[in-house]
Structures are given as structure tokens and as C-alpha cells.
file target_19.cif (mmCIF, C-alpha atoms)
data_coords
loop_
_atom_site.label_atom_id
_atom_site.label_comp_id
_atom_site.auth_asym_id
_atom_site.auth_seq_id
_atom_site.Cartn_x
_atom_site.Cartn_y
_atom_site.Cartn_z
CA MET A 1 2.80 -54.07 37.27
CA GLU A 2 2.23 -57.58 35.88
CA ILE A 3 2.49 -60.88 37.79
CA LEU A 4 3.37 -63.41 35.11
CA ASN A 5 2.00 -66.52 36.87
CA GLU A 6 -1.16 -64.88 38.25
CA ASN A 7 -3.50 -67.38 36.58
CA THR A 8 -1.62 -70.30 38.10
CA ILE A 9 -1.61 -68.75 41.56
CA THR A 10 -5.36 -68.07 41.51
CA SER A 11 -6.49 -71.32 39.85
CA HIS A 12 -6.79 -73.39 43.04
CA GLY A 13 -7.30 -73.23 46.79
CA ASN A 14 -9.04 -70.17 48.20
CA LYS A 15 -9.36 -68.44 44.83
CA LYS A 16 -10.94 -65.25 46.17
CA GLY A 17 -8.37 -64.97 48.94
CA ARG A 18 -5.54 -65.48 46.47
CA LYS A 19 -6.93 -62.91 44.05
CA ASP A 20 -7.39 -60.37 46.83
CA THR A 21 -3.86 -61.05 48.11
CA LEU A 22 -2.43 -60.30 44.68
CA LYS A 23 -4.45 -57.08 44.55
CA VAL A 24 -2.91 -56.04 47.85
CA ILE A 25 0.58 -56.95 46.65
CA LYS A 26 0.15 -55.02 43.40
CA THR A 27 -1.07 -51.96 45.30
CA ALA A 28 1.89 -52.09 47.68
CA ILE A 29 4.40 -52.34 44.85
CA GLU A 30 2.72 -49.62 42.81
CA SER A 31 2.81 -47.29 45.84
CA VAL A 32 6.61 -47.28 45.69
CA ASN A 33 6.85 -46.82 41.92
CA SER A 34 10.05 -44.80 41.47
CA TYR A 35 8.92 -43.06 38.29
CA LYS A 36 5.68 -41.80 39.83
CA ALA A 37 7.40 -40.83 43.08
CA THR A 38 9.98 -38.77 41.19
CA LYS A 39 7.29 -37.05 39.12
CA LYS A 40 5.47 -36.21 42.35
CA LYS A 41 8.47 -34.83 44.22
CA VAL A 42 10.47 -33.14 41.44
CA ARG A 43 9.02 -30.20 39.49
CA ILE A 44 9.89 -26.83 37.98
CA GLU A 45 7.90 -23.71 38.89
CA ASN A 46 8.91 -20.27 37.58
CA LYS A 47 12.56 -21.22 37.03
CA ILE A 48 12.72 -22.80 40.49
CA LEU A 49 13.51 -26.50 40.68
CA LYS A 50 11.67 -28.06 43.59
CA ILE A 51 12.85 -31.41 44.91
CA GLY A 52 10.83 -32.51 47.89
CA ASN A 53 10.99 -29.61 50.35
CA PHE A 54 14.16 -28.18 48.80
CA THR A 55 14.45 -25.49 46.12
CA TYR A 56 17.13 -24.56 43.58
CA ASN A 57 17.14 -21.40 41.45
CA LEU A 58 17.84 -22.64 37.93
CA GLU A 59 19.17 -19.21 36.93
CA GLU A 60 21.99 -19.73 39.43
CA ILE A 61 22.80 -23.28 38.30
CA LYS A 62 25.30 -23.64 35.47
CA ASN A 63 25.26 -27.43 34.99
CA ILE A 64 22.93 -30.18 36.14
CA TYR A 65 24.42 -33.67 36.32
CA VAL A 66 22.47 -36.87 36.94
CA ILE A 67 24.24 -39.93 38.32
CA GLY A 68 23.15 -43.04 40.16
CA ALA A 69 22.83 -46.79 40.38
CA GLY A 70 20.31 -49.42 41.37
CA LYS A 71 17.68 -51.80 40.07
CA ALA A 72 15.00 -49.07 40.01
CA THR A 73 17.22 -46.16 39.03
CA PHE A 74 16.18 -46.18 35.39
CA SER A 75 12.66 -45.13 36.41
CA ILE A 76 14.03 -42.15 38.35
CA ALA A 77 16.33 -41.15 35.51
CA LYS A 78 13.49 -41.41 32.99
CA ALA A 79 11.34 -39.09 35.09
CA LEU A 80 14.20 -36.61 35.57
CA ASN A 81 14.87 -36.67 31.84
CA GLU A 82 11.24 -35.76 31.15
CA ILE A 83 11.16 -33.04 33.81
CA LEU A 84 14.52 -31.39 33.10
CA GLY A 85 15.14 -32.28 29.45
CA ASN A 86 18.05 -30.38 27.94
CA LYS A 87 18.72 -28.67 31.28
CA ILE A 88 20.66 -31.85 32.06
CA THR A 89 24.28 -31.27 31.04
CA GLU A 90 25.33 -34.89 31.38
CA GLY A 91 24.21 -38.02 33.14
CA HIS A 92 25.12 -41.65 33.73
CA ILE A 93 23.30 -44.37 35.64
CA ILE A 94 24.01 -48.05 36.17
CA THR A 95 21.16 -50.55 36.24
CA LYS A 96 20.92 -54.31 36.61
CA ASP A 97 18.93 -54.89 33.44
CA ARG A 98 19.16 -52.61 30.45
CA GLU A 99 15.70 -51.24 29.76
CA GLU A 100 16.84 -48.87 27.01
CA ASP A 101 20.23 -48.20 25.49
CA SER A 102 20.04 -44.64 26.72
CA LEU A 103 17.81 -41.77 27.61
CA LYS A 104 18.06 -38.55 25.67
CA ASN A 105 20.37 -36.80 28.14
CA ILE A 106 21.45 -39.65 30.43
CA SER A 107 23.57 -42.66 29.52
CA VAL A 108 22.23 -45.98 30.77
CA THR A 109 24.63 -48.87 31.38
CA THR A 110 24.53 -52.12 33.33
CA GLY A 111 26.54 -53.86 36.02
CA GLY A 112 26.61 -57.10 37.98
CA HIS A 113 24.23 -57.84 40.84
CA PRO A 114 24.46 -59.07 43.56
CA ILE A 115 28.10 -59.75 42.67
CA PRO A 116 29.93 -56.81 41.01
CA SER A 117 31.15 -57.37 37.46
CA LYS A 118 33.75 -55.81 35.17
CA ASN A 119 30.94 -53.62 33.84
CA SER A 120 30.21 -52.43 37.38
CA LEU A 121 33.81 -51.28 37.66
CA LYS A 122 34.05 -49.80 34.14
CA ASN A 123 30.77 -47.88 34.29
CA THR A 124 31.46 -46.54 37.78
CA ARG A 125 34.56 -44.87 36.35
CA GLU A 126 32.25 -42.86 34.08
CA ILE A 127 30.24 -41.72 37.08
CA LYS A 128 33.43 -40.68 38.85
CA LYS A 129 34.41 -38.60 35.81
CA ILE A 130 31.14 -36.70 36.00
CA ALA A 131 31.51 -36.25 39.77
CA LYS A 132 34.91 -34.64 39.34
CA LYS A 133 33.54 -32.15 36.79
CA ALA A 134 31.04 -30.64 39.23
CA LYS A 135 31.80 -27.10 40.44
CA ASP A 136 30.27 -24.89 43.12
CA ASN A 137 27.62 -23.45 40.77
CA ASP A 138 26.54 -26.90 39.56
CA LEU A 139 23.84 -29.27 40.83
CA VAL A 140 24.27 -33.03 40.99
CA LEU A 141 21.21 -35.26 41.26
CA CYS A 142 22.12 -38.69 42.59
CA ALA A 143 19.57 -41.52 42.24
CA ILE A 144 20.13 -44.46 44.57
CA THR A 145 17.95 -47.57 44.77
CA GLY A 146 18.39 -51.17 45.90
CA GLY A 147 21.34 -52.90 44.26
CA ALA A 148 23.48 -49.77 44.05
CA SER A 149 26.19 -51.20 46.29
CA ALA A 150 27.01 -53.94 43.78
CA LEU A 151 26.28 -52.02 40.59
CA MET A 152 28.39 -48.99 41.55
CA THR A 153 31.77 -50.50 42.35
CA SER A 154 35.18 -48.88 42.61
CA THR A 155 38.12 -50.44 44.41
CA VAL A 156 40.76 -48.92 46.64
CA SER A 157 44.51 -49.37 47.16
CA LYS A 158 45.81 -52.66 45.72
CA ILE A 159 42.46 -54.41 46.05
CA GLU A 160 41.17 -55.74 42.74
CA LEU A 161 37.75 -56.76 41.44
CA ASN A 162 38.37 -60.46 42.12
CA HIS A 163 38.94 -59.64 45.81
CA ILE A 164 35.71 -57.64 45.96
CA ARG A 165 33.81 -60.45 44.24
CA LYS A 166 35.14 -63.03 46.69
CA ILE A 167 34.23 -60.94 49.74
CA ASN A 168 30.74 -60.34 48.37
CA LYS A 169 30.20 -64.05 47.78
CA LEU A 170 31.47 -64.92 51.26
CA LEU A 171 29.16 -62.38 52.90
CA LEU A 172 26.12 -63.31 50.84
CA ASN A 173 26.59 -67.04 51.41
CA SER A 174 27.05 -66.49 55.15
CA GLY A 175 23.53 -65.09 55.47
CA ALA A 176 24.85 -61.80 56.85
CA PRO A 177 22.25 -59.00 56.95
CA ILE A 178 22.60 -56.29 54.30
CA GLU A 179 23.80 -53.70 56.83
CA ASP A 180 26.74 -55.96 57.72
CA ILE A 181 27.51 -56.62 54.05
CA ASN A 182 27.51 -52.90 53.29
CA THR A 183 29.71 -52.14 56.30
CA VAL A 184 32.46 -54.20 54.67
CA ARG A 185 31.77 -52.98 51.13
CA LYS A 186 32.07 -49.34 52.19
CA HIS A 187 35.57 -49.87 53.53
CA LEU A 188 36.88 -51.53 50.38
CA SER A 189 35.85 -48.72 48.02
CA ASP A 190 36.99 -45.23 47.08
CA ILE A 191 33.42 -43.99 46.48
CA LYS A 192 31.18 -45.80 48.98
CA GLY A 193 30.43 -44.61 52.49
CA GLY A 194 30.14 -40.95 51.47
CA LYS A 195 33.32 -40.77 49.43
CA LEU A 196 31.46 -40.05 46.19
CA ALA A 197 30.04 -36.94 47.86
CA GLU A 198 33.60 -35.79 48.58
CA LEU A 199 34.46 -36.12 44.89
CA ILE A 200 31.47 -33.98 43.96
CA GLN A 201 32.29 -31.12 46.30
CA PRO A 202 31.87 -28.14 46.17
CA ALA A 203 28.78 -28.64 43.99
CA LYS A 204 25.25 -28.70 45.36
CA MET A 205 23.68 -32.13 45.57
CA ALA A 206 20.25 -33.70 45.96
CA ASN A 207 20.00 -37.41 46.67
CA LEU A 208 16.87 -39.15 45.38
CA ILE A 209 16.72 -42.32 47.44
CA VAL A 210 14.55 -45.42 47.47
CA ILE A 211 14.90 -47.31 50.74
CA ASP A 212 14.18 -51.03 50.45
CA GLU A 213 15.92 -51.97 53.68
CA ILE A 214 14.44 -52.39 57.15
CA ALA A 215 16.78 -49.78 58.69
CA GLY A 216 14.97 -47.02 56.84
CA ASP A 217 17.73 -44.40 56.84
CA PRO A 218 19.14 -42.51 53.82
CA TRP A 219 21.95 -44.58 52.36
CA GLY A 220 24.40 -44.75 49.48
CA PRO A 221 27.77 -43.35 48.42
CA THR A 222 26.70 -39.73 48.95
CA VAL A 223 25.54 -39.86 52.58
CA PRO A 224 27.65 -39.95 55.77
CA ASP A 225 28.86 -43.30 57.04
CA HIS A 226 28.24 -44.35 60.63
CA THR A 227 30.48 -47.43 60.43
CA THR A 228 34.24 -47.80 60.72
CA PHE A 229 37.09 -50.04 59.57
CA GLU A 230 36.94 -51.70 62.98
CA ASP A 231 33.25 -52.44 62.39
CA ALA A 232 34.10 -54.03 59.03
CA ILE A 233 36.68 -56.30 60.66
CA ASN A 234 34.20 -57.25 63.39
CA VAL A 235 31.56 -58.14 60.79
CA LEU A 236 33.92 -60.56 59.06
CA LYS A 237 34.89 -62.12 62.38
CA LYS A 238 31.28 -62.32 63.58
CA HIS A 239 30.30 -64.32 60.52
CA ASN A 240 33.44 -66.51 60.73
CA LEU A 241 34.84 -65.09 57.49
CA TRP A 242 38.03 -63.42 58.69
CA GLU A 243 40.24 -66.43 58.02
CA LYS A 244 38.70 -66.85 54.56
CA THR A 245 39.23 -63.18 53.67
CA PRO A 246 42.00 -62.49 51.10
CA LYS A 247 45.22 -61.36 52.76
CA ILE A 248 45.35 -58.05 50.89
CA VAL A 249 41.82 -57.21 52.08
CA LYS A 250 42.71 -57.98 55.69
CA GLU A 251 45.82 -55.80 55.42
CA HIS A 252 43.80 -52.90 54.05
CA LEU A 253 41.18 -53.14 56.79
CA LYS A 254 43.81 -53.33 59.53
CA GLN A 255 45.61 -50.34 58.03
CA GLY A 256 42.37 -48.37 57.97
CA LYS A 257 41.70 -49.21 61.60
CA THR A 258 44.95 -47.55 62.67
CA ASN A 259 45.15 -44.82 60.01
CA LYS A 260 42.14 -42.58 60.63
CA SER A 261 42.79 -40.59 57.45
CA LEU A 262 41.54 -43.60 55.48
CA GLU A 263 38.21 -43.69 57.33
CA THR A 264 34.97 -43.04 55.51
CA PRO A 265 33.43 -39.57 56.06
CA ASN A 266 30.91 -39.19 58.90
CA GLU A 267 28.32 -36.56 59.81
CA ASN A 268 30.99 -34.15 61.00
CA ASN A 269 32.78 -34.32 57.63
CA PHE A 270 29.49 -33.53 55.88
CA LYS A 271 28.51 -30.49 57.98
CA ASP A 272 29.71 -27.96 55.38
CA TYR A 273 28.38 -29.84 52.34
CA ASN A 274 25.32 -28.58 50.49
CA ILE A 275 23.57 -31.95 50.26
CA ASN A 276 19.86 -32.67 50.64
CA ASN A 277 18.27 -36.12 50.94
CA VAL A 278 14.84 -36.81 49.48
CA ILE A 279 13.25 -40.18 50.23
CA LEU A 280 11.14 -41.17 47.23
CA SER A 281 9.72 -44.31 48.82
CA ASP A 282 10.33 -46.82 51.57
CA ILE A 283 8.91 -49.95 53.17
CA THR A 284 6.53 -48.00 55.42
CA ILE A 285 4.77 -46.52 52.38
CA ALA A 286 4.34 -49.99 50.88
CA CYS A 287 2.97 -51.44 54.13
CA GLU A 288 0.49 -48.61 54.67
CA SER A 289 -0.72 -48.89 51.07
CA ALA A 290 -1.22 -52.65 51.48
CA LYS A 291 -3.16 -52.08 54.69
CA LYS A 292 -5.42 -49.50 53.02
CA LYS A 293 -6.14 -51.78 50.04
CA ALA A 294 -6.95 -54.74 52.27
CA LYS A 295 -9.46 -52.59 54.18
CA GLU A 296 -11.03 -51.50 50.90
CA LEU A 297 -11.49 -55.18 50.03
CA GLY A 298 -13.39 -55.69 53.27
CA TYR A 299 -10.74 -57.27 55.47
CA ASN A 300 -10.19 -56.56 59.15
CA THR A 301 -6.63 -55.32 58.86
CA MET A 302 -3.67 -54.80 61.17
CA LEU A 303 -0.11 -53.80 60.31
CA LEU A 304 1.83 -56.31 62.42
CA THR A 305 5.31 -55.03 61.61
CA SER A 306 7.44 -53.33 58.97
CA LYS A 307 10.59 -54.69 60.63
CA LEU A 308 10.44 -58.42 59.83
CA LYS A 309 13.63 -59.71 58.25
CA GLY A 310 15.48 -62.98 57.82
CA GLU A 311 15.34 -66.00 55.53
CA SER A 312 12.14 -65.92 53.46
CA ARG A 313 11.26 -69.53 54.31
CA GLU A 314 11.49 -68.73 58.02
CA ALA A 315 9.44 -65.56 57.64
CA GLY A 316 6.85 -67.58 55.71
CA ILE A 317 6.51 -70.08 58.55
CA PHE A 318 6.04 -67.21 61.02
CA LEU A 319 3.38 -65.47 58.92
CA ALA A 320 1.56 -68.74 58.24
CA SER A 321 1.39 -69.46 61.98
CA ILE A 322 -0.25 -66.07 62.54
CA ALA A 323 -2.77 -66.77 59.76
CA LYS A 324 -3.61 -70.12 61.35
CA GLU A 325 -4.00 -68.46 64.76
CA ILE A 326 -6.44 -65.93 63.28
CA LYS A 327 -8.45 -68.61 61.48
CA GLU A 328 -8.75 -70.95 64.48
CA LYS A 329 -8.82 -68.53 67.45
CA GLU A 330 -9.48 -65.08 65.94
CA ASN A 331 -6.31 -63.77 67.56
CA PRO A 332 -5.02 -61.04 67.23
CA LEU A 333 -7.89 -60.24 64.82
#
call {"tool": "encode", "arguments": {"input": "target_19.cif", "output": "C-alpha cells"}}
result
Amino acid sequence: MEILNENTITSHGNKKGRKDTLKVIKTAIESVNSYKATKKKVRIENKILKIGNFTYNLEEIKNIYVIGAGKATFSIAKALNEILGNKITEGHIITKDREEDSLKNISVTTGGHPIPSKNSLKNTREIKKIAKKAKDNDLVLCAITGGASALMTSTVSKIELNHIRKINKLLLNSGAPIEDINTVRKHLSDIKGGKLAELIQPAKMANLIVIDEIAGDPWGPTVPDHTTFEDAINVLKKHNLWEKTPKIVKEHLKQGKTNKSLETPNENNFKDYNINNVILSDITIACESAKKKAKELGYNTMLLTSKLKGESREAGIFLASIAKEIKEKENPL
């Protein structure tokens, strides 16, 4: 990892402290490197594909498909491509920035983030095509990292991309937490909230997930949804966005509230699915790695929290006040 303005950051003030801080930051980020995490957790031994604690007999698998979306998904796909090679029948991932035109066995395309684009919609159709091909003797590997909710976009009913874009902008500008934003997104899509998993059935599936949210639970279009249409409506009302919401979106959400057949699949719907979740990395790993590095550098170290969230400027004020407390009163360290 390279910090482009490192020289500027460390050229003034407490130079040693700044340099050590950057070392800690680099270590934390490197600890959640998606490529390395995939290489560590995915391997082939004697015709057995091992993914985390789960195993798949490659002699019983006809096709292996790789799909996914997110800002760090290319790294996962690259690792899978190296591990599985020509065992991959077909693959398609959507990233924010195109790092390569394609991998040998996996197509790499781009989409809009944080606001979905026409490319998000177009390239998600390709993922849906692959999902529908999967049969019961196939294995689908789904890579999901931060940004997937915008990059993998597919609308429902009469809702169009411009409606989705408007809702996303309203939610983002309101300062709503990501869990609230995703609650609405999931109920305006025909793949989010577990619906992509339904398309893939009856194939086997392994989700390779990077969690960059505080909640820390497996997430994405191939895991059960714990929210409802009613929750989505309440989110928009809570953030004073209901009156600004396009009429067609409001009609769809109200219809979903009364018509339970439109609801996103929950844990009960998933009970007969052959789906395994493998967490490649999360915030806890990054925090523990930062703590370890700081100790190595000679600092008295405490992990205050892995749950801090909010506006960055407000979080900065909070953290600075703790630093000042430590410097002046040696409390809590």
C-alpha cells in the first residue's frame, strides 16, 4: 500500500509520531488485503476445494461460476483466477475502478459508486445471466465487498434507474447510516436482500465477503434479509424523505408492505439452500492489527472501540479529545 502524500504528512509537527501513525495505518489496511485473505482461505487439496471451513469435491462439481461486486472485488477475483484457473467456467465482477480489462476467466466491468450508473444496471444483467445458468451440480462463488450495493444494481416493477439514483442521493445527503440506506435499496431491487441467491438456486454457493461496516454481519444480495418493506418506509420517514420520494417508489413500497409475496427472503426462506458464508476480513481484524503494530513500536496501547461511526469531522474531534486527555492527564492510558 502507498500513501501518496506521506512526505507532506511527516514533514512537520511531531514527525516521529506521524511516521509511526502511518505505519500503524498501513499495517491495519494490509491486514484486510482481499487478495491475501482469499489466497489464505481458498485452496485446492487432492481435488477438494477448501473455502474457509467448507469443502467441495471438485469431481462432483460440473461448473464453477464467479460473480460479485465491490471496490475490492477485483483482488478476490484475481486470487480465485490464480487458484482455480480454467476450472472457472465463467465469471463476471463489477468494480468501481477498472484495474484490468479482464482476468483470464472472469470478465471485469465497472459501475457507478456511490450513485448507481447505467453501467451498474447493464453489467448487473450479465451477472443475472450467469446466476440463472447455475444448476444443482454447479458451484457459484460470490465475492462481495464495500460498494456492492451501488455497483450491482437491478430495478424492480416500473421503477427505473433515475428513481434509484434519486433515492440514493436523498439518502446519502440526509446522513442516514449505511444500514438504513441498504434497507431501502434492498426493497427497490430484484436481486438485493437475498434475491440473487434465489436466482442461483439450486446450485451450491460460497459467499466470500469483506465486511467494512460496523454491524459486522454477512451481507449482500446472497444472504438473508432481516428488514422489511415496512422498515424501508420507516427509514424514509425517519430521515424526512418520504415526501421527497418519487411517487412510483412510494407506491411500490406500500404495495410490498401489504403483499408479503414481494418481501425479500429471510432466514426461513434460506433454510434449504446450500450456501456458506466466509468472512475474508472485517473491521475487528484491522483494529487488532493496528493495536499489535502500535505495541511493536513501543506504545502503550488500548483498543477503545471498533464501533465508532458518524461524520468523520465529529469522530476526529472525539478522538482528538481523548489524545489530549492522555497527554495532559494520562487517562485512560
call {"tool": "closest_residue", "arguments": {"input": "target_19.cif", "among": "A:Thr245, A:Thr222, A:Thr89, A:Asn63", "to": "A:Ile200", "atoms": "all atoms listed in the file"}}
result
A:Thr222
call {"tool": "residues_near_point", "arguments": {"input": "target_19.cif", "point": "(27.7, -54.1, 42.3)", "cutoff": "10 Å", "atoms": "all atoms listed in the file", "output": "number ranges by chain"}}
result
A: 69-70, 94-96, 110-121, 124, 147-154, 164-165, 168, 185
call {"tool": "closest_residue", "arguments": {"input": "target_19.cif", "among": "A:Thr228, A:Thr301, A:Thr264, A:Thr258", "to": "A:Lys195", "atoms": "only C-alpha atoms"}}
result
A:Thr264
call {"tool": "atom_distance", "arguments": {"input": "target_19.cif", "atom1": "atom CA of A:Lys257", "atom2": "atom CA of A:Gly216"}}
result
27.2 Å
call {"tool": "axis_aligned_box", "arguments": {"input": "target_19.cif", "around": "stretch 61-66 of chain A", "padding_each_side": "4 Å", "output": "JSON"}}
result
{"center_x": 23.9, "center_y": -30.1, "center_z": 36.6, "size_x": 10.8, "size_y": 21.6, "size_z": 11.3}
call {"tool": "resolve_selection", "arguments": {"input": "target_19.cif", "expression": "the PyMOL selection byres ((chain A and resi 29-40) around 8)", "output": "PyMOL selection string"}}
result
chain A and resi 1+25-28+41-43+72-73+75-76+78-80+83+210+280-282+285-286+289
call {"tool": "residues_near_point", "arguments": {"input": "target_19.cif", "point": "(17.3, -36.1, 30.6)", "cutoff": "7 Å", "atoms": "only C-alpha atoms", "output": "VMD selection string"}}
result
chain A and resid 78 80 to 82 84 to 86 88 103 to 106
call {"tool": "atom_distance", "arguments": {"input": "target_19.cif", "atom1": "atom CA of A:Phe74", "atom2": "atom CA of A:Lys87"}}
result
18.2 Å
call {"tool": "closest_residue", "arguments": {"input": "target_19.cif", "among": "A:Ile283, A:Leu333, A:Ile48, A:Ile248", "to": "A:His163", "atoms": "only C-alpha atoms"}}
result
A:Ile248
call {"tool": "resolve_selection", "arguments": {"input": "target_19.cif", "expression": "the PyMOL selection byres ((chain A and resi 61) around 7)", "output": "compact mmCIF listing (two decimals) with C-alpha atoms, keeping the file's coordinate frame"}}
result
# COMPACT_ATOMS: atom_id res chain seq x y z
CA ASN A 57 17.14 -21.40 41.45
CA LEU A 58 17.84 -22.64 37.93
CA GLU A 59 19.17 -19.21 36.93
CA GLU A 60 21.99 -19.73 39.43
CA LYS A 62 25.30 -23.64 35.47
CA ASN A 63 25.26 -27.43 34.99
CA ASN A 137 27.62 -23.45 40.77
CA ASP A 138 26.54 -26.90 39.56
CA LEU A 139 23.84 -29.27 40.83
call {"tool": "decode", "arguments": {"input": "target_19.cif", "residues": "stretch 245-266 of chain A", "atoms": "N, CA, C and O atoms", "output": "PDB file, in the first residue's frame"}}
result
ATOM      1  N   THR A 245     -39.778  11.450  -1.848  1.00  0.00           N
ATOM      2  CA  THR A 245     -39.610  10.189  -2.579  1.00  0.00           C
ATOM      3  C   THR A 245     -40.511  10.155  -3.805  1.00  0.00           C
ATOM      4  O   THR A 245     -41.696  10.526  -3.723  1.00  0.00           O
ATOM      5  N   PRO A 246     -39.999   9.733  -4.976  1.00  0.00           N
ATOM      6  CA  PRO A 246     -40.838   9.637  -6.181  1.00  0.00           C
ATOM      7  C   PRO A 246     -42.092   8.810  -5.921  1.00  0.00           C
ATOM      8  O   PRO A 246     -42.052   7.806  -5.203  1.00  0.00           O
ATOM      9  N   LYS A 247     -43.200   9.238  -6.504  1.00  0.00           N
ATOM     10  CA  LYS A 247     -44.491   8.596  -6.275  1.00  0.00           C
ATOM     11  C   LYS A 247     -44.457   7.116  -6.584  1.00  0.00           C
ATOM     12  O   LYS A 247     -44.995   6.291  -5.827  1.00  0.00           O
ATOM     13  N   ILE A 248     -43.814   6.731  -7.678  1.00  0.00           N
ATOM     14  CA  ILE A 248     -43.792   5.323  -8.081  1.00  0.00           C
ATOM     15  C   ILE A 248     -43.034   4.460  -7.065  1.00  0.00           C
ATOM     16  O   ILE A 248     -43.361   3.292  -6.845  1.00  0.00           O
ATOM     17  N   VAL A 249     -42.022   5.047  -6.421  1.00  0.00           N
ATOM     18  CA  VAL A 249     -41.277   4.333  -5.385  1.00  0.00           C
ATOM     19  C   VAL A 249     -42.146   4.140  -4.150  1.00  0.00           C
ATOM     20  O   VAL A 249     -42.187   3.053  -3.556  1.00  0.00           O
ATOM     21  N   LYS A 250     -42.865   5.182  -3.770  1.00  0.00           N
ATOM     22  CA  LYS A 250     -43.751   5.081  -2.612  1.00  0.00           C
ATOM     23  C   LYS A 250     -44.839   4.038  -2.850  1.00  0.00           C
ATOM     24  O   LYS A 250     -45.166   3.249  -1.950  1.00  0.00           O
ATOM     25  N   GLU A 251     -45.370   4.007  -4.065  1.00  0.00           N
ATOM     26  CA  GLU A 251     -46.412   3.028  -4.389  1.00  0.00           C
ATOM     27  C   GLU A 251     -45.876   1.612  -4.295  1.00  0.00           C
ATOM     28  O   GLU A 251     -46.552   0.712  -3.789  1.00  0.00           O
ATOM     29  N   HIS A 252     -44.659   1.408  -4.777  1.00  0.00           N
ATOM     30  CA  HIS A 252     -44.067   0.071  -4.719  1.00  0.00           C
ATOM     31  C   HIS A 252     -43.831  -0.361  -3.272  1.00  0.00           C
ATOM     32  O   HIS A 252     -44.124  -1.517  -2.905  1.00  0.00           O
ATOM     33  N   LEU A 253     -43.322   0.524  -2.452  1.00  0.00           N
ATOM     34  CA  LEU A 253     -43.050   0.181  -1.059  1.00  0.00           C
ATOM     35  C   LEU A 253     -44.339  -0.112  -0.292  1.00  0.00           C
ATOM     36  O   LEU A 253     -44.401  -1.047   0.515  1.00  0.00           O
ATOM     37  N   LYS A 254     -45.378   0.670  -0.560  1.00  0.00           N
ATOM     38  CA  LYS A 254     -46.664   0.428   0.111  1.00  0.00           C
ATOM     39  C   LYS A 254     -47.281  -0.885  -0.350  1.00  0.00           C
ATOM     40  O   LYS A 254     -47.887  -1.616   0.444  1.00  0.00           O
ATOM     41  N   GLN A 255     -47.111  -1.206  -1.636  1.00  0.00           N
ATOM     42  CA  GLN A 255     -47.609  -2.477  -2.160  1.00  0.00           C
ATOM     43  C   GLN A 255     -46.880  -3.653  -1.503  1.00  0.00           C
ATOM     44  O   GLN A 255     -47.486  -4.653  -1.127  1.00  0.00           O
ATOM     45  N   GLY A 256     -45.558  -3.509  -1.355  1.00  0.00           N
ATOM     46  CA  GLY A 256     -44.776  -4.565  -0.733  1.00  0.00           C
ATOM     47  C   GLY A 256     -45.123  -4.765   0.726  1.00  0.00           C
ATOM     48  O   GLY A 256     -45.040  -5.888   1.251  1.00  0.00           O
ATOM     49  N   LYS A 257     -45.512  -3.699   1.398  1.00  0.00           N
ATOM     50  CA  LYS A 257     -45.896  -3.795   2.808  1.00  0.00           C
ATOM     51  C   LYS A 257     -47.135  -4.658   2.991  1.00  0.00           C
ATOM     52  O   LYS A 257     -47.252  -5.399   3.983  1.00  0.00           O
ATOM     53  N   THR A 258     -48.056  -4.584   2.048  1.00  0.00           N
ATOM     54  CA  THR A 258     -49.304  -5.351   2.158  1.00  0.00           C
ATOM     55  C   THR A 258     -49.246  -6.699   1.443  1.00  0.00           C
ATOM     56  O   THR A 258     -49.932  -7.633   1.823  1.00  0.00           O
ATOM     57  N   ASN A 259     -48.408  -6.803   0.401  1.00  0.00           N
ATOM     58  CA  ASN A 259     -48.286  -8.042  -0.360  1.00  0.00           C
ATOM     59  C   ASN A 259     -47.016  -8.773   0.060  1.00  0.00           C
ATOM     60  O   ASN A 259     -45.927  -8.487  -0.425  1.00  0.00           O
ATOM     61  N   LYS A 260     -47.144  -9.714   0.974  1.00  0.00           N
ATOM     62  CA  LYS A 260     -45.982 -10.395   1.545  1.00  0.00           C
ATOM     63  C   LYS A 260     -45.202 -11.218   0.525  1.00  0.00           C
ATOM     64  O   LYS A 260     -44.041 -11.561   0.765  1.00  0.00           O
ATOM     65  N   SER A 261     -45.805 -11.537  -0.601  1.00  0.00           N
ATOM     66  CA  SER A 261     -45.097 -12.312  -1.623  1.00  0.00           C
ATOM     67  C   SER A 261     -43.972 -11.498  -2.269  1.00  0.00           C
ATOM     68  O   SER A 261     -43.080 -12.069  -2.897  1.00  0.00           O
ATOM     69  N   LEU A 262     -44.015 -10.181  -2.106  1.00  0.00           N
ATOM     70  CA  LEU A 262     -42.984  -9.322  -2.672  1.00  0.00           C
ATOM     71  C   LEU A 262     -41.796  -9.139  -1.723  1.00  0.00           C
ATOM     72  O   LEU A 262     -40.759  -8.612  -2.118  1.00  0.00           O
ATOM     73  N   GLU A 263     -41.957  -9.609  -0.474  1.00  0.00           N
ATOM     74  CA  GLU A 263     -40.934  -9.380   0.539  1.00  0.00           C
ATOM     75  C   GLU A 263     -39.624 -10.096   0.214  1.00  0.00           C
ATOM     76  O   GLU A 263     -39.613 -11.129  -0.449  1.00  0.00           O
ATOM     77  N   THR A 264     -38.539  -9.507   0.652  1.00  0.00           N
ATOM     78  CA  THR A 264     -37.232 -10.116   0.462  1.00  0.00           C
ATOM     79  C   THR A 264     -37.123 -11.394   1.303  1.00  0.00           C
ATOM     80  O   THR A 264     -37.740 -11.498   2.367  1.00  0.00           O
ATOM     81  N   PRO A 265     -36.341 -12.387   0.837  1.00  0.00           N
ATOM     82  CA  PRO A 265     -36.234 -13.655   1.571  1.00  0.00           C
ATOM     83  C   PRO A 265     -35.493 -13.512   2.901  1.00  0.00           C
ATOM     84  O   PRO A 265     -34.500 -12.788   2.988  1.00  0.00           O
ATOM     85  N   ASN A 266     -35.996 -14.203   3.926  1.00  0.00           N
ATOM     86  CA  ASN A 266     -35.373 -14.163   5.248  1.00  0.00           C
ATOM     87  C   ASN A 266     -34.704 -15.503   5.558  1.00  0.00           C
ATOM     88  O   ASN A 266     -34.584 -16.371   4.691  1.00  0.00           O
TER      89      ASN A 266
END
